[in-house]
Amino acid sequence: DVDFDEDDRAELLATAEESLDRLARLVANLLDMSRLQAGALGVLPAEIGLEDVVPRALDELGPPAAGVDTDIPADLPAVTADPGLLERVLVNVIANALRYSPPGRPPHVTASAHAGQVELRVIDTGPGIPEDQWEHVFLPFQRLGDRDNQTGVGLGLALSRGLAEAMGGSLVPETTPGGGLTMVLRLPAATQGMAEGPQE
């Protein structure tokens with residue numbers, strides 16, 4: 001019997017869509033974690049540029065990611081990775097950085113190339129994590145320092161590390177200078193992989 005006006009209907013629909021997107025990401029994370037643990041995750045490596053996949057990850061995160069600053073050099077080598085899995089890693093890691101970033105100080109995403117690898121850093125200036133607890137954040141269903149149980153289930157970073165390693169890369173934490181946490185994703189540069197391919 002409630003009569004909603006157009007603005008109320010639009011707001012309710014937007015809220016429902018946002019909740020559905022979160023649920024879909026959670027289900028996808030749970031399924032991929034199960035596949036990882038069972039050794040049944042399919043990885044389809046391809047050559048892909050971070051300048052393509054980072055904007056897609058930010059788009060998937062929607063309005064909360066609008067303020068995220070990115071610095072992807074134009075001459076950065078492409079990486080060898082599964083495009084879909086790489087996007088999932090970025091969505092999870094950036095979402096985690098957004099969750100703990102102070103108001104008005106969104107995360108910063110940078111990339112660089114070193115010794116046949118491409119490094120992507122997701123830098124936040126939040127409360128950070130003591131170094132002796134770094135490995136705990138990669139355990140499934142562990143969420144350090146939370147004040148509520150409404151923003152996730154503590155699966156994103158655990159899954160992201162597993163996906164990164166399945167693609168031949170790594171995901172490690174560093175302390176942000178001045179305070180905060182930086183997650184460093186390292187992946188093989190596509191040029192390195194192509195150069196080694198004919199020798200095998």
# chains A, B, ... in the order shown; residues from 1 in each chain; ligands from 1

call {"tool": "residues_around", "arguments": {"residues": "segment 69-77 of chain A", "least_positions_apart": "6", "cutoff": "6 Å", "atoms": "only C-alpha atoms", "output": "list of chain:residue names"}}
result
A:His108, A:Val109, A:Thr110, A:Ala111

call {"tool": "residues_around", "arguments": {"residues": "Ala81 of chain A", "least_positions_apart": "6", "cutoff": "6 Å", "atoms": "only C-alpha atoms", "output": "compact mmCIF listing (two decimals) with N, CA, C and O atoms, in the first residue's frame"}}
result
# COMPACT_ATOMS: atom_id res chain seq x y z
N PRO A 45 46.02 -17.93 -19.46
CA PRO A 45 46.91 -16.77 -19.57
C PRO A 45 46.86 -16.13 -20.94
O PRO A 45 46.71 -16.81 -21.96
N ALA A 46 46.95 -14.82 -20.93
CA ALA A 46 46.96 -14.04 -22.17
C ALA A 46 47.78 -12.79 -21.93
O ALA A 46 48.11 -12.44 -20.79
N MET A 167 48.57 -17.50 -11.35
CA MET A 167 48.97 -16.87 -12.62
C MET A 167 50.47 -16.67 -12.71
O MET A 167 50.96 -15.99 -13.61

call {"tool": "select_by_dssp", "arguments": {"residues": "segment 82-179 of chain A", "states": "helix (DSSP H, G or I)", "output": "number ranges by chain"}}
result
A: 83-100, 131-138, 156-166

call {"tool": "residues_around", "arguments": {"residues": "Gly49 of chain A", "least_positions_apart": "2", "cutoff": "12 Å", "atoms": "only C-alpha atoms", "output": "ChimeraX atom specification"}}
result
/A:46-47,51-56,72-83,86-87,111,118,120,187-191

call {"tool": "select_by_dssp", "arguments": {"residues": "segment 54-184 of chain A", "states": "strand (DSSP E or B)", "output": "ChimeraX atom specification"}}
result
/A:69-71,79-81,108-114,117-123,170-175,181-184

call {"tool": "atom_distance", "arguments": {"atom1": "atom CA of Thr182 of chain A", "atom2": "atom CA of Leu90 of chain A"}}
result
13.0 Å

call {"tool": "residues_around", "arguments": {"residues": "Ile123 of chain A", "least_positions_apart": "2", "cutoff": "9 Å", "atoms": "only C-alpha atoms", "output": "list in words"}}
result
Ile94, Ala97, Pro106, Pro107, His108, Val109, Thr110, Arg121, Thr125, Thr176, Gly180, Leu181, Thr182, Met183 and Val184 of chain A

call {"tool": "residues_around", "arguments": {"residues": "Ala95 of chain A", "least_positions_apart": "6", "cutoff": "9 Å", "atoms": "only C-alpha atoms", "output": "list in words"}}
result
Leu61, Pro64, Ala65 and Gly156 of chain A

call {"tool": "write_last_selection", "arguments": {"atoms": "C-alpha atoms", "output": "PDB file, in the first residue's frame"}}
result
ATOM      1  CA  LEU A  61      33.612  -1.169  -7.876  1.00  0.00           C
ATOM      2  CA  PRO A  64      33.202   4.286  -4.164  1.00  0.00           C
ATOM      3  CA  ALA A  65      36.212   3.937  -6.501  1.00  0.00           C
ATOM      4  CA  GLY A 156      39.230 -11.062  -0.700  1.00  0.00           C
TER       5      GLY A 156
END

call {"tool": "residues_around", "arguments": {"residues": "Leu157 of chain A", "least_positions_apart": "2", "cutoff": "9 Å", "atoms": "only C-alpha atoms", "output": "list of chain:residue names"}}
result
A:Val89, A:Asn92, A:Val93, A:Asn96, A:Val137, A:Phe138, A:Leu139, A:Pro140, A:Gly154, A:Leu155, A:Leu159, A:Ser160, A:Arg161, A:Gly162, A:Leu171

call {"tool": "write_last_selection", "arguments": {"atoms": "C-alpha atoms", "output": "mmCIF file, in the first residue's frame"}}
result
data_model
loop_
_atom_site.group_PDB
_atom_site.id
_atom_site.type_symbol
_atom_site.label_atom_id
_atom_site.label_comp_id
_atom_site.auth_asym_id
_atom_site.auth_seq_id
_atom_site.Cartn_x
_atom_site.Cartn_y
_atom_site.Cartn_z
ATOM 1 C CA VAL A 89 42.388 -9.698 -7.901
ATOM 2 C CA ASN A 92 39.381 -7.373 -4.199
ATOM 3 C CA VAL A 93 42.618 -5.567 -3.380
ATOM 4 C CA ASN A 96 40.074 -3.642 0.671
ATOM 5 C CA VAL A 137 45.351 -11.111 6.371
ATOM 6 C CA PHE A 138 45.828 -13.844 3.749
ATOM 7 C CA LEU A 139 43.983 -16.472 5.796
ATOM 8 C CA PRO A 140 40.381 -17.022 4.662
ATOM 9 C CA GLY A 154 37.539 -11.694 5.006
ATOM 10 C CA LEU A 155 37.999 -13.669 1.808
ATOM 11 C CA LEU A 159 41.642 -15.360 -2.719
ATOM 12 C CA SER A 160 43.664 -12.611 -4.389
ATOM 13 C CA ARG A 161 46.974 -14.107 -3.267
ATOM 14 C CA GLY A 162 45.878 -17.551 -4.451
ATOM 15 C CA LEU A 171 50.846 -10.576 -3.753
#

call {"tool": "atom_distance", "arguments": {"atom1": "atom CA of Glu174 of chain A", "atom2": "atom CA of Gly116 of chain A"}}
result
20.7 Å

call {"tool": "atom_distance", "arguments": {"atom1": "atom CA of Gln117 of chain A", "atom2": "atom CA of Arg186 of chain A"}}
result
6.4 Å

call {"tool": "closest_residue", "arguments": {"among": "A:Gly169, A:Val68, A:Leu85, A:Glu6", "to": "Gly42 of chain A", "atoms": "only C-alpha atoms"}}
result
A:Leu85
